[in-house]
Each structure stands twice: as structure tokens, then as C-alpha cells.
$ cat model.csv   # CSV, C-alpha atoms and all ligand atoms
chain,number,residue,atom,x,y,z
A,1,MET,CA,13.0,14.8,-29.2
A,2,VAL,CA,13.6,17.6,-26.7
A,3,LEU,CA,10.7,20.0,-26.3
A,4,PRO,CA,11.6,23.7,-26.1
A,5,PHE,CA,11.5,25.0,-22.5
A,6,THR,CA,12.4,28.0,-20.4
A,7,MET,CA,13.6,28.1,-16.8
A,8,LEU,CA,11.6,30.6,-14.7
A,9,ASN,CA,12.2,32.3,-11.4
A,10,PRO,CA,9.1,33.0,-9.2
A,11,ASP,CA,8.4,36.3,-11.0
A,12,GLY,CA,8.7,34.6,-14.4
A,13,VAL,CA,6.0,32.1,-13.2
A,14,LYS,CA,3.8,35.0,-12.2
A,15,GLU,CA,4.2,36.6,-15.6
A,16,ILE,CA,2.4,33.5,-17.0
A,17,GLU,CA,0.0,32.8,-14.1
A,18,PRO,CA,-0.1,35.8,-11.7
A,19,LEU,CA,-2.0,33.9,-8.9
A,20,VAL,CA,0.5,30.9,-8.8
A,21,GLU,CA,3.1,31.0,-6.0
A,22,SER,CA,6.3,29.0,-6.6
A,23,ARG,CA,10.0,28.8,-6.1
A,24,GLY,CA,10.4,28.8,-9.9
A,25,GLY,CA,9.3,26.7,-12.8
A,26,ILE,CA,10.0,25.1,-16.1
A,27,TYR,CA,7.7,26.5,-18.8
A,28,LEU,CA,7.0,24.3,-21.9
A,29,PRO,CA,5.2,26.5,-24.4
A,30,ASP,CA,4.4,23.5,-26.7
A,31,VAL,CA,2.6,21.4,-24.0
A,32,TRP,CA,-1.2,21.6,-23.9
A,33,LEU,CA,-4.1,19.5,-22.8
A,34,VAL,CA,-5.9,17.3,-25.3
A,35,ASP,CA,-9.5,16.2,-25.3
A,36,PRO,CA,-9.3,12.4,-24.7
A,37,SER,CA,-12.5,11.5,-26.6
A,38,GLU,CA,-11.7,13.7,-29.6
A,39,LEU,CA,-8.2,12.2,-29.7
A,40,THR,CA,-9.7,8.7,-29.6
A,41,LYS,CA,-12.3,9.5,-32.3
A,42,SER,CA,-9.6,10.9,-34.5
A,43,ILE,CA,-7.4,7.8,-34.1
A,44,ILE,CA,-10.3,5.5,-34.9
A,45,GLU,CA,-11.1,7.5,-38.0
A,46,ASP,CA,-7.5,7.3,-39.2
A,47,ALA,CA,-7.3,3.6,-38.4
A,48,GLN,CA,-10.6,3.0,-40.4
A,49,LEU,CA,-9.2,4.9,-43.3
A,50,HIS,CA,-6.3,2.5,-43.3
A,51,GLY,CA,-8.6,-0.6,-43.4
A,52,VAL,CA,-8.9,-1.4,-39.7
A,53,GLY,CA,-12.2,-2.9,-38.6
A,54,ILE,CA,-13.5,-2.0,-35.1
A,55,ARG,CA,-15.8,-4.1,-33.0
A,56,ALA,CA,-16.9,-2.1,-30.0
A,57,GLY,CA,-18.5,-3.8,-27.0
A,58,ALA,CA,-17.0,-7.2,-27.8
A,59,ARG,CA,-15.8,-8.2,-24.3
A,60,LEU,CA,-13.3,-11.1,-24.4
A,61,PHE,CA,-14.0,-13.9,-21.9
A,62,GLN,CA,-11.8,-16.7,-23.2
A,63,ALA,CA,-8.8,-17.2,-25.5
A,64,ASP,CA,-7.6,-20.6,-26.8
A,65,THR,CA,-4.2,-20.9,-28.5
A,66,THR,CA,-4.4,-23.4,-31.4
A,67,SER,CA,-2.0,-24.5,-34.2
A,68,GLU,CA,-4.0,-22.1,-36.4
A,69,GLY,CA,-3.6,-19.1,-34.1
A,70,ILE,CA,-5.5,-17.7,-31.2
A,71,VAL,CA,-9.3,-18.1,-31.0
A,72,LEU,CA,-10.8,-15.3,-29.1
A,73,GLU,CA,-14.3,-15.9,-27.6
A,74,THR,CA,-16.1,-12.5,-27.2
A,75,GLU,CA,-19.6,-11.4,-26.5
A,76,GLN,CA,-19.9,-10.9,-30.2
A,77,GLY,CA,-18.7,-14.3,-31.2
A,78,HIS,CA,-15.3,-15.8,-32.2
A,79,ILE,CA,-12.4,-14.0,-33.6
A,80,GLN,CA,-9.5,-15.9,-35.1
A,81,ALA,CA,-6.2,-14.0,-34.6
A,82,GLU,CA,-2.6,-14.5,-35.7
A,83,THR,CA,-1.4,-11.9,-33.2
A,84,VAL,CA,-3.1,-10.4,-30.2
A,85,ILE,CA,-2.1,-7.1,-28.6
A,86,ASN,CA,-3.6,-6.9,-25.1
A,87,ALA,CA,-4.3,-3.2,-24.4
A,88,ALA,CA,-7.2,-3.9,-22.0
A,89,GLY,CA,-6.2,-1.3,-19.3
A,90,LEU,CA,-7.7,-2.3,-16.0
A,91,GLY,CA,-8.6,-5.7,-17.5
A,92,SER,CA,-5.1,-6.3,-19.0
A,93,ASP,CA,-4.1,-8.7,-16.2
A,94,GLU,CA,-7.2,-10.8,-16.7
A,95,VAL,CA,-6.8,-10.7,-20.5
A,96,ALA,CA,-3.1,-11.7,-20.2
A,97,ALA,CA,-4.1,-14.6,-18.0
A,98,MET,CA,-6.6,-15.7,-20.6
A,99,LEU,CA,-3.8,-15.6,-23.2
A,100,GLY,CA,-1.6,-17.8,-21.1
A,101,PHE,CA,0.4,-15.2,-19.1
A,102,PRO,CA,-1.0,-15.1,-15.6
A,103,LYS,CA,2.1,-13.3,-14.2
A,104,TYR,CA,0.7,-9.8,-14.3
A,105,GLU,CA,-1.3,-8.1,-11.6
A,106,ILE,CA,-3.1,-4.8,-11.9
A,107,PHE,CA,-3.4,-2.7,-8.7
A,108,PRO,CA,-6.5,-0.5,-9.5
A,109,THR,CA,-5.6,3.0,-8.1
A,110,ARG,CA,-8.4,5.4,-7.7
A,111,GLY,CA,-8.0,9.2,-8.2
A,112,GLU,CA,-10.3,12.0,-7.6
A,113,TYR,CA,-10.3,15.5,-9.1
A,114,TRP,CA,-11.9,18.4,-7.3
A,115,GLN,CA,-13.1,21.6,-8.8
A,116,ILE,CA,-11.8,25.0,-7.6
A,117,THR,CA,-15.0,27.0,-7.5
A,118,THR,CA,-13.7,30.5,-6.5
A,119,GLU,CA,-14.2,33.0,-9.3
A,120,LYS,CA,-10.8,34.6,-9.2
A,121,TYR,CA,-8.9,31.4,-9.9
A,122,GLN,CA,-10.9,30.7,-13.1
A,123,SER,CA,-8.4,33.0,-14.9
A,124,ILE,CA,-5.8,30.2,-14.6
A,125,GLY,CA,-5.4,28.8,-18.1
A,126,THR,CA,-2.1,26.9,-17.8
A,127,PRO,CA,-1.7,23.4,-16.5
A,128,VAL,CA,0.5,23.7,-13.4
A,129,ASN,CA,2.4,20.6,-12.2
A,130,GLN,CA,4.6,20.1,-9.1
A,131,THR,CA,8.0,18.7,-9.4
A,132,ALA,CA,7.6,15.1,-10.5
A,133,SER,CA,9.0,12.3,-8.3
A,134,LYS,CA,9.6,8.6,-9.0
A,135,LEU,CA,6.8,7.7,-6.5
A,136,SER,CA,4.2,10.3,-7.1
A,137,GLY,CA,4.6,10.6,-10.8
A,138,LYS,CA,3.1,13.8,-12.0
A,139,GLY,CA,1.4,14.2,-8.6
A,140,MET,CA,-1.4,16.6,-7.7
A,141,HIS,CA,-1.7,19.4,-10.3
A,142,LEU,CA,-3.9,22.3,-11.4
A,143,SER,CA,-5.7,21.4,-14.6
A,144,PRO,CA,-7.9,24.0,-16.4
A,145,ARG,CA,-10.4,22.2,-18.6
A,146,ASP,CA,-13.6,23.4,-20.4
A,147,GLY,CA,-13.8,26.5,-18.3
A,148,THR,CA,-13.3,24.7,-14.9
A,149,LEU,CA,-10.1,24.6,-12.9
A,150,TYR,CA,-9.5,21.2,-11.3
A,151,ILE,CA,-7.0,20.0,-8.6
A,152,GLY,CA,-6.1,16.4,-8.4
A,153,PRO,CA,-5.7,13.5,-8.6
A,154,ASP,CA,-5.0,11.7,-5.3
A,155,ARG,CA,-4.0,8.1,-5.2
A,156,THR,CA,-5.7,5.2,-3.3
A,157,LEU,CA,-5.7,1.5,-3.9
A,158,THR,CA,-9.1,0.1,-4.6
A,159,THR,CA,-10.7,-3.3,-5.3
A,160,GLU,CA,-13.3,-1.7,-7.5
A,161,ARG,CA,-12.5,-1.2,-11.2
A,162,ARG,CA,-15.8,0.3,-12.2
A,163,ASN,CA,-18.6,2.5,-10.8
A,164,VAL,CA,-16.3,4.8,-8.9
A,165,GLN,CA,-18.2,8.1,-9.4
A,166,GLU,CA,-18.7,9.1,-5.8
A,167,GLN,CA,-16.7,11.2,-3.3
A,168,ARG,CA,-14.6,9.0,-1.0
A,169,SER,CA,-11.5,11.2,-0.3
A,170,ASP,CA,-11.4,14.0,2.2
A,171,ALA,CA,-11.6,17.6,0.9
A,172,VAL,CA,-8.5,18.5,3.0
A,173,ILE,CA,-6.3,16.4,0.7
A,174,PHE,CA,-7.3,18.6,-2.2
A,175,SER,CA,-7.3,22.0,-0.4
A,176,GLU,CA,-3.7,21.2,0.8
A,177,GLY,CA,-2.8,20.1,-2.7
A,178,ALA,CA,-4.1,23.3,-4.2
A,179,ARG,CA,-2.3,25.4,-1.5
A,180,ARG,CA,1.0,24.3,-2.9
A,181,PHE,CA,0.3,26.6,-5.8
A,182,LEU,CA,-2.5,28.9,-4.5
A,183,PRO,CA,-1.7,29.5,-0.8
A,184,GLU,CA,-5.0,31.2,0.1
A,185,ILE,CA,-7.3,28.3,-0.9
A,186,GLY,CA,-9.4,26.7,1.8
A,187,GLU,CA,-11.9,23.9,1.8
A,188,GLU,CA,-14.7,26.3,1.0
A,189,ASP,CA,-13.1,27.0,-2.3
A,190,ILE,CA,-13.4,23.5,-3.7
A,191,LYS,CA,-16.0,20.9,-4.4
A,192,TRP,CA,-15.9,17.3,-5.6
A,193,GLY,CA,-15.5,16.8,-9.4
A,194,TYR,CA,-15.1,13.2,-10.6
A,195,ALA,CA,-13.1,10.1,-10.1
A,196,GLY,CA,-11.2,7.6,-12.3
A,197,VAL,CA,-9.2,4.4,-11.8
A,198,ARG,CA,-5.6,4.0,-13.1
A,199,ALA,CA,-4.2,0.6,-14.1
A,200,ARG,CA,-1.0,0.5,-12.0
A,201,ASN,CA,1.2,-2.6,-12.2
A,202,THR,CA,2.6,-2.1,-8.7
A,203,ASN,CA,0.9,-1.0,-5.4
A,204,PRO,CA,0.5,2.8,-5.0
A,205,GLU,CA,3.5,3.0,-2.6
A,206,SER,CA,6.0,1.7,-5.2
A,207,ALA,CA,7.5,3.3,-8.3
A,208,SER,CA,6.0,1.7,-11.5
A,209,ASP,CA,6.7,1.8,-15.2
A,210,PHE,CA,4.7,0.7,-18.3
A,211,ILE,CA,5.2,-2.9,-19.4
A,212,VAL,CA,5.0,-3.2,-23.2
A,213,GLY,CA,6.3,-6.3,-24.9
A,214,PHE,CA,5.8,-9.6,-26.7
A,215,ASP,CA,5.6,-12.5,-24.3
A,216,SER,CA,5.5,-14.9,-27.3
A,217,ASP,CA,5.5,-14.3,-31.1
A,218,GLN,CA,1.7,-14.2,-30.9
A,219,VAL,CA,1.0,-12.1,-27.8
A,220,CYS,CA,2.0,-8.6,-26.9
A,221,ASN,CA,0.9,-7.5,-23.4
A,222,ILE,CA,0.6,-3.8,-22.5
A,223,ILE,CA,0.2,-3.6,-18.8
A,224,GLY,CA,0.1,-0.8,-16.2
A,225,ILE,CA,-0.6,2.1,-18.6
A,226,GLU,CA,-1.5,4.6,-16.0
A,227,SER,CA,-0.9,8.4,-16.4
A,228,PRO,CA,0.6,9.6,-18.7
A,229,GLY,CA,-0.6,6.8,-20.8
A,230,LEU,CA,-2.8,9.0,-22.9
A,231,THR,CA,0.0,11.3,-23.7
A,232,ALA,CA,2.2,8.3,-24.4
A,233,ALA,CA,-0.4,6.5,-26.5
A,234,LEU,CA,1.0,7.2,-30.0
A,235,GLY,CA,4.6,6.5,-28.8
A,236,ILE,CA,3.5,3.2,-27.3
A,237,GLY,CA,1.7,2.4,-30.5
A,238,ARG,CA,4.9,3.1,-32.6
A,239,TYR,CA,7.0,1.0,-30.2
A,240,VAL,CA,4.5,-2.0,-30.5
A,241,VAL,CA,4.7,-1.8,-34.3
A,242,ARG,CA,8.5,-1.9,-34.2
A,243,GLU,CA,8.5,-4.8,-31.7
A,244,TYR,CA,5.9,-6.6,-33.9
A,245,ALA,CA,8.2,-6.2,-36.9
A,246,SER,CA,11.2,-7.6,-35.1
A,247,VAL,CA,9.2,-10.5,-33.4
A,248,SER,CA,7.6,-11.6,-36.7
A,249,SER,CA,10.9,-11.4,-38.7
A,250,GLU,CA,12.5,-13.7,-36.1
A,251,ALA,CA,9.6,-16.1,-36.3
A,252,ARG,CA,9.9,-16.4,-40.1
B,1,LIG,C1,-8.0,10.1,-12.8
B,1,LIG,C2,-7.1,9.8,-14.0
B,1,LIG,C3,-6.3,10.9,-14.6
B,1,LIG,C4,-5.5,10.6,-15.7
B,1,LIG,N1,-4.8,11.7,-16.2
B,1,LIG,C5,-4.0,11.5,-17.2
B,1,LIG,C6,-3.3,12.6,-17.8
B,1,LIG,O1,-3.4,13.8,-17.3
B,1,LIG,N2,-2.5,12.4,-18.9
B,1,LIG,C7,-2.4,11.1,-19.4
B,1,LIG,O2,-1.6,11.0,-20.4
B,1,LIG,N3,-3.0,10.1,-18.9
B,1,LIG,C8,-3.9,10.3,-17.8
B,1,LIG,N4,-4.5,9.2,-17.3
B,1,LIG,C9,-4.2,7.9,-17.8
B,1,LIG,C10,-4.9,7.5,-19.1
B,1,LIG,O3,-6.3,7.6,-19.0
B,1,LIG,C11,-4.5,6.0,-19.3
B,1,LIG,O4,-3.1,5.9,-19.3
B,1,LIG,C12,-5.0,5.5,-20.6
B,1,LIG,O5,-6.4,5.6,-20.7
B,1,LIG,C13,-4.6,4.0,-20.8
B,1,LIG,O6,-5.0,3.6,-22.0
B,1,LIG,P1,-5.3,2.0,-22.3
B,1,LIG,O7,-5.7,1.9,-23.7
B,1,LIG,O8,-4.1,1.3,-21.9
B,1,LIG,O9,-6.4,1.6,-21.3
B,1,LIG,P2,-7.9,2.1,-21.3
B,1,LIG,O10,-8.1,3.5,-21.8
B,1,LIG,O11,-8.4,1.7,-19.9
B,1,LIG,O12,-8.6,1.1,-22.4
B,1,LIG,C14,-8.7,-0.3,-22.1
B,1,LIG,C15,-9.9,-0.8,-22.9
B,1,LIG,O13,-10.0,-2.2,-22.8
B,1,LIG,C16,-11.3,-2.6,-22.6
B,1,LIG,N5,-11.3,-3.9,-22.0
B,1,LIG,C17,-11.0,-4.3,-20.7
B,1,LIG,N6,-11.1,-5.6,-20.5
B,1,LIG,C18,-11.6,-6.1,-21.7
B,1,LIG,C19,-12.0,-7.4,-22.1
B,1,LIG,N7,-11.9,-8.5,-21.3
B,1,LIG,N8,-12.4,-7.6,-23.4
B,1,LIG,C20,-12.5,-6.5,-24.3
B,1,LIG,N9,-12.1,-5.2,-23.9
B,1,LIG,C21,-11.7,-5.1,-22.6
B,1,LIG,C22,-11.9,-1.5,-21.7
B,1,LIG,O14,-13.3,-1.6,-21.8
B,1,LIG,C23,-11.3,-0.3,-22.3
B,1,LIG,O15,-12.1,0.2,-23.4
B,1,LIG,C24,-5.4,9.4,-16.2
B,1,LIG,C25,-6.2,8.3,-15.7
B,1,LIG,C26,-7.0,8.6,-14.6
B,1,LIG,C27,-7.9,7.4,-14.1

$ encode --input "model.csv" --output "C-alpha cells" --more "lines below"
Ligand SMILES: Cc1cc2nc3c(=O)[nH]c(=O)nc-3n(C[C@H](O)[C@H](O)[C@H](O)COP(=O)(O)OP(=O)(O)OC[C@H]3O[C@@H](n4cnc5c(N)ncnc54)[C@H](O)[C@@H]3O)c2cc1C
Amino acid sequence: MVLPFTMLNPDGVKEIEPLVESRGGIYLPDVWLVDPSELTKSIIEDAQLHGVGIRAGARLFQADTTSEGIVLETEQGHIQAETVINAAGLGSDEVAAMLGFPKYEIFPTRGEYWQITTEKYQSIGTPVNQTASKLSGKGMHLSPRDGTLYIGPDRTLTTERRNVQEQRSDAVIFSEGARRFLPEIGEEDIKWGYAGVRARNTNPESASDFIVGFDSDQVCNIIGIESPGLTAALGIGRYVVREYASVSSEAR
């Protein structure tokens, strides 16, 4: 599917976002931001309507492959599974190893978003991205959400997969990032917002791609689903369903 788009010169960009400086742009009128928790809730509701049972907080700590299938040992007891789809994000390498596939490694990559606090920039309502590159992916971008304009994320390798909510990066990285679009921004115009960790499957200096596939007819590993993994979630889901159909028909 090709989304409708319009090529813009610098004045065309200014007609949409008068404060944004650029050498031109590609405008995708059908692209918007989604609320991740609302999207997740809605997927859960749809799944439940189709008979899916959900066990939240059931951390997997061991998996044993037997002739009857795979026995999953979780904090909420055993689960006997015919097929396991490992979509454990930052824990997907550990889960893959438990399932007998120790070949994967996650490189947790931390990213901070900073808030642009200056009043005049709060009128910006369009997500503004720089030209994507193989290495930087979508790179640092302007992201207006819930009445706040954010700039970010940066990208640093970390050993910590949890408890990352503190400022570690330098403000100058974000004021420089924002100046690509808003040349008058200084460090006094921004303040720390929040941080997150992406589950990259290569170190931050190398290009990476999602790994999605069945390593056996019982186990599908989904590894390295960093951004834009949320955007791609439904597509990845459809792909896994197709792969499952083909793997299970070969196994019959
Ligand atoms: C700062 C930042 C900005 C981002 N921006 C965007 C964006 O603009 N657009 C976009 O599309 N995406 C974005 N993403 C990426 C997006 O959030 C991820 O791609 C997406 O969440 C990956 O989904 P997932 O289901 O693979 O993993 P997750 O969402 O990480 O879910 C994995 C789940 O598995 C669970 N789990 C882990 N280990 C175990 C275990 N042993 N047993 C049981 N459960 C386990 C975890 O608790 C978690 O609930 C961003 C991410 C970050 C950090």
C-alpha cells in the first residue's frame, strides 16, 4: 500500500508549520500519532472478543520442550503450549535462549525525549521528522503529544533494561536536534521529559532490522522490535499468522 503524499518546497512546509525551517519536505496527510496504551487496550479487547485469554504479570523463567509440546514455567504456574510466539521485547533474547535458541542478543538502547517549553512553539501540531537514514532510523524528531512538544530520542547503548527514568544525556544534544527544524532554540527552551529503552538487535552504530520468524515448527522468535515497532505491530502480527499457517501445514 502506498500512502498519499505531497512533495513540498520550504514555503509549502511553512504553510503547514510556519515555524519550521527546512529545505523541503514530504507531507503525508494520513499519518498521525496513536496513543500506545489505547491501541494496546483496544487490541486486547478485540483479542478477548475472539476467545483469547490473557495472563498479565506471568513472567516466564523456564521453558522445557517435551514430546507433548512446550511447558512454560511462569510466575503464575505452568502453561502447556503447542506453539510459542516470543514477543518479549527487551527480554526476547533471554526468552529465545529459554526456548532453545541462544543465538540472539539484544542491545538495550536508551533514548530520551525532552520537552520544548517555549510558548510560541506549542502551536506546532504536526510530527516533523528529519530525512531517515539506514543508521539513525527515523532519527531525532519533533513530536507534539497531549499538548506538549517533544524533541528526541537520542540513542545510547545501556546495560540497564529497566528503571531508566532519569536524565543522563546532555541538553545540548536536544537543543542541537531541535535547531535542525527550529533554528532559534537554545538550551533554555528545553527541559528533560522522559526516557525509554529500545530492544535493538545490533549495537547502536550498526543498521538493524526486525527479526521475525519460526526457528522450529513450535517457536517463533520476534527480536529487535525497536521503533517503529508500534506502528508496525499489526503488520508484524499478520506476518506471524501467515508464517504460522505455512509452518504448521508443512509440519502436518
Ligand atoms: C523512546 C522510545 C520511542 C519509541 N518511539 C516509537 C515511535 O515513535 N513509533 C513506533 O512505532 N515505535 C516506537 N518505539 C518502539 C516501540 O515502543 C516498540 O517497537 C514496541 O513497544 C515493541 O513491542 P514488543 O511487543 O516487541 O515489545 P514490548 O512492547 O517491549 O513488550 C514486550 C513485553 O514482554 C514482556 N516480557 C519480557 N520478558 C518477559 C518474560 N520473561 N516473561 C513474560 N513476559 C516478558 C515485557 O514485560 C513486555 O510487556 C519507541 C520506543 C522507545 C523506547

$ closest_residue --input "model.csv" --among "A:Pro29, A:Pro4, A:Pro36, A:Gly100" --to "ligand LIG 1 (chain B)" --atoms "all atoms listed in the file"
A:Pro36

$ residues_near_point --input "model.csv" --point "(-14.4, 29.6, -20.1)" --cutoff "10 Å" --atoms "all atoms listed in the file" --output "MDAnalysis selection string"
chainID A and resid 122:123 125 144:149

$ residues_around --input "model.csv" --residues "Lys191 (chain A)" --least-positions-apart "2" --cutoff "9 Å" --atoms "all atoms listed in the file" --output "MDAnalysis selection string"
chainID A and resid 114:117 171 187:189 193

$ residues_near_ligand --input "model.csv" --ligand "ligand LIG 1 (chain B)" --cutoff "8 Å" --atoms "all atoms listed in the file" --output "ChimeraX atom specification"
/A:33,57-61,74,87-92,94-95,109-113,152-153,195-199,222-233

$ residues_around --input "model.csv" --residues "Val247 (chain A)" --least-positions-apart "5" --cutoff "12 Å" --atoms "only C-alpha atoms" --output "JSON, numbers by chain"
{"A": [83, 213, 214, 215, 216, 217, 218, 219, 220, 240, 241, 242, 252]}

$ closest_residue --input "model.csv" --among "A:Phe210, A:Phe107, A:Phe174, A:Tyr121" --to "Gly186 (chain A)" --atoms "only C-alpha atoms"
A:Phe174

$ atom_distance --input "model.csv" --atom1 "CA of Ala251 (chain A)" --atom2 "CA of Gln62 (chain A)"
25.1 Å

$ atom_distance --input "model.csv" --atom1 "CA of Leu142 (chain A)" --atom2 "CA of Val128 (chain A)"
5.0 Å

$ atom_distance --input "model.csv" --atom1 "CA of Trp32 (chain A)" --atom2 "CA of Thr126 (chain A)"
8.1 Å

$ closest_residue --input "model.csv" --among "A:Ala81, A:Gly69, A:Tyr194, A:Gly139" --to "Glu166 (chain A)" --atoms "only C-alpha atoms"
A:Tyr194

$ closest_residue --input "model.csv" --among "A:Lys138, A:Arg168, A:Arg23, A:Lys14" --to "Ile124 (chain A)" --atoms "all atoms listed in the file"
A:Lys14

$ closest_residue --input "model.csv" --among "A:Val71, A:Val52, A:Ile211, A:Leu157" --to "Pro108 (chain A)" --atoms "all atoms listed in the file"
A:Leu157

$ closest_residue --input "model.csv" --among "A:Leu28, A:Ile185, A:Pro102, A:Glu75" --to "Ile16 (chain A)" --atoms "all atoms listed in the file"
A:Leu28

$ residues_near_point --input "model.csv" --point "(-9.7, -16.0, -38.1)" --cutoff "10 Å" --atoms "all atoms listed in the file" --output "ChimeraX atom specification"
/A:68-72,78-82

$ decode --input "model.csv" --residues "region 153-183 of chain A" --atoms "N, CA and C atoms" --output "PDB file, in the first residue's frame"
ATOM      1  N   PRO A 153      14.165  10.916  19.954  1.00  0.00           N
ATOM      2  CA  PRO A 153      15.040  10.497  21.043  1.00  0.00           C
ATOM      3  C   PRO A 153      16.501  10.463  20.590  1.00  0.00           C
ATOM      4  N   ASP A 154      17.438  10.471  21.592  1.00  0.00           N
ATOM      5  CA  ASP A 154      18.823  10.178  21.262  1.00  0.00           C
ATOM      6  C   ASP A 154      19.006   8.658  21.340  1.00  0.00           C
ATOM      7  N   ARG A 155      20.230   8.201  21.284  1.00  0.00           N
ATOM      8  CA  ARG A 155      20.441   6.753  21.180  1.00  0.00           C
ATOM      9  C   ARG A 155      21.748   6.401  21.870  1.00  0.00           C
ATOM     10  N   THR A 156      21.663   5.767  23.057  1.00  0.00           N
ATOM     11  CA  THR A 156      22.899   5.340  23.733  1.00  0.00           C
ATOM     12  C   THR A 156      22.724   3.905  24.231  1.00  0.00           C
ATOM     13  N   LEU A 157      23.792   3.141  24.043  1.00  0.00           N
ATOM     14  CA  LEU A 157      23.780   1.746  24.499  1.00  0.00           C
ATOM     15  C   LEU A 157      23.772   1.743  26.028  1.00  0.00           C
ATOM     16  N   THR A 158      22.976   0.865  26.626  1.00  0.00           N
ATOM     17  CA  THR A 158      22.911   0.797  28.082  1.00  0.00           C
ATOM     18  C   THR A 158      22.950  -0.667  28.504  1.00  0.00           C
ATOM     19  N   THR A 159      23.285  -0.912  29.777  1.00  0.00           N
ATOM     20  CA  THR A 159      23.201  -2.290  30.247  1.00  0.00           C
ATOM     21  C   THR A 159      21.889  -2.478  31.003  1.00  0.00           C
ATOM     22  N   GLU A 160      21.257  -1.360  31.311  1.00  0.00           N
ATOM     23  CA  GLU A 160      20.057  -1.421  32.144  1.00  0.00           C
ATOM     24  C   GLU A 160      18.799  -1.501  31.288  1.00  0.00           C
ATOM     25  N   ARG A 161      17.955  -2.478  31.565  1.00  0.00           N
ATOM     26  CA  ARG A 161      16.745  -2.623  30.758  1.00  0.00           C
ATOM     27  C   ARG A 161      15.523  -2.020  31.452  1.00  0.00           C
ATOM     28  N   ARG A 162      15.656  -1.710  32.746  1.00  0.00           N
ATOM     29  CA  ARG A 162      14.526  -1.138  33.490  1.00  0.00           C
ATOM     30  C   ARG A 162      14.999   0.083  34.276  1.00  0.00           C
ATOM     31  N   ASN A 163      14.078   0.756  34.951  1.00  0.00           N
ATOM     32  CA  ASN A 163      14.402   1.895  35.830  1.00  0.00           C
ATOM     33  C   ASN A 163      15.310   2.912  35.143  1.00  0.00           C
ATOM     34  N   VAL A 164      14.817   3.446  34.057  1.00  0.00           N
ATOM     35  CA  VAL A 164      15.675   4.351  33.278  1.00  0.00           C
ATOM     36  C   VAL A 164      15.207   5.815  33.362  1.00  0.00           C
ATOM     37  N   GLN A 165      14.226   6.069  34.238  1.00  0.00           N
ATOM     38  CA  GLN A 165      13.616   7.399  34.235  1.00  0.00           C
ATOM     39  C   GLN A 165      14.441   8.444  34.973  1.00  0.00           C
ATOM     40  N   GLU A 166      15.568   8.810  34.399  1.00  0.00           N
ATOM     41  CA  GLU A 166      16.342   9.927  34.929  1.00  0.00           C
ATOM     42  C   GLU A 166      17.131  10.531  33.780  1.00  0.00           C
ATOM     43  N   GLN A 167      17.491  11.820  33.941  1.00  0.00           N
ATOM     44  CA  GLN A 167      18.242  12.474  32.872  1.00  0.00           C
ATOM     45  C   GLN A 167      19.690  11.993  32.869  1.00  0.00           C
ATOM     46  N   ARG A 168      20.154  11.498  31.731  1.00  0.00           N
ATOM     47  CA  ARG A 168      21.566  11.117  31.623  1.00  0.00           C
ATOM     48  C   ARG A 168      22.237  11.811  30.448  1.00  0.00           C
ATOM     49  N   SER A 169      21.441  12.192  29.447  1.00  0.00           N
ATOM     50  CA  SER A 169      22.056  12.824  28.269  1.00  0.00           C
ATOM     51  C   SER A 169      22.192  14.323  28.508  1.00  0.00           C
ATOM     52  N   ASP A 170      23.007  14.930  27.650  1.00  0.00           N
ATOM     53  CA  ASP A 170      23.280  16.352  27.769  1.00  0.00           C
ATOM     54  C   ASP A 170      22.222  17.159  27.007  1.00  0.00           C
ATOM     55  N   ALA A 171      21.774  18.283  27.598  1.00  0.00           N
ATOM     56  CA  ALA A 171      20.758  19.119  26.949  1.00  0.00           C
ATOM     57  C   ALA A 171      21.184  19.557  25.550  1.00  0.00           C
ATOM     58  N   VAL A 172      22.487  19.741  25.363  1.00  0.00           N
ATOM     59  CA  VAL A 172      22.955  20.287  24.081  1.00  0.00           C
ATOM     60  C   VAL A 172      22.594  19.367  22.902  1.00  0.00           C
ATOM     61  N   ILE A 173      22.535  18.051  23.159  1.00  0.00           N
ATOM     62  CA  ILE A 173      22.175  17.097  22.098  1.00  0.00           C
ATOM     63  C   ILE A 173      20.769  17.421  21.572  1.00  0.00           C
ATOM     64  N   PHE A 174      19.894  17.803  22.509  1.00  0.00           N
ATOM     65  CA  PHE A 174      18.489  18.018  22.140  1.00  0.00           C
ATOM     66  C   PHE A 174      18.260  19.431  21.593  1.00  0.00           C
ATOM     67  N   SER A 175      18.991  20.429  22.140  1.00  0.00           N
ATOM     68  CA  SER A 175      18.823  21.772  21.566  1.00  0.00           C
ATOM     69  C   SER A 175      19.375  21.772  20.140  1.00  0.00           C
ATOM     70  N   GLU A 176      20.481  21.061  19.919  1.00  0.00           N
ATOM     71  CA  GLU A 176      21.021  20.970  18.540  1.00  0.00           C
ATOM     72  C   GLU A 176      20.053  20.208  17.638  1.00  0.00           C
ATOM     73  N   GLY A 177      19.464  19.125  18.177  1.00  0.00           N
ATOM     74  CA  GLY A 177      18.483  18.341  17.400  1.00  0.00           C
ATOM     75  C   GLY A 177      17.296  19.213  17.012  1.00  0.00           C
ATOM     76  N   ALA A 178      16.816  20.008  17.960  1.00  0.00           N
ATOM     77  CA  ALA A 178      15.643  20.852  17.682  1.00  0.00           C
ATOM     78  C   ALA A 178      15.989  21.968  16.706  1.00  0.00           C
ATOM     79  N   ARG A 179      17.257  22.452  16.764  1.00  0.00           N
ATOM     80  CA  ARG A 179      17.643  23.563  15.871  1.00  0.00           C
ATOM     81  C   ARG A 179      17.648  23.149  14.399  1.00  0.00           C
ATOM     82  N   ARG A 180      17.672  21.852  14.130  1.00  0.00           N
ATOM     83  CA  ARG A 180      17.565  21.425  12.722  1.00  0.00           C
ATOM     84  C   ARG A 180      16.247  21.895  12.120  1.00  0.00           C
ATOM     85  N   PHE A 181      15.216  22.012  12.986  1.00  0.00           N
ATOM     86  CA  PHE A 181      13.893  22.414  12.485  1.00  0.00           C
ATOM     87  C   PHE A 181      13.543  23.833  12.937  1.00  0.00           C
ATOM     88  N   LEU A 182      13.995  24.201  14.152  1.00  0.00           N
ATOM     89  CA  LEU A 182      13.607  25.476  14.777  1.00  0.00           C
ATOM     90  C   LEU A 182      14.917  26.193  15.150  1.00  0.00           C
ATOM     91  N   PRO A 183      15.492  26.967  14.207  1.00  0.00           N
ATOM     92  CA  PRO A 183      16.872  27.449  14.367  1.00  0.00           C
ATOM     93  C   PRO A 183      17.104  28.346  15.579  1.00  0.00           C
TER      94      PRO A 183
END
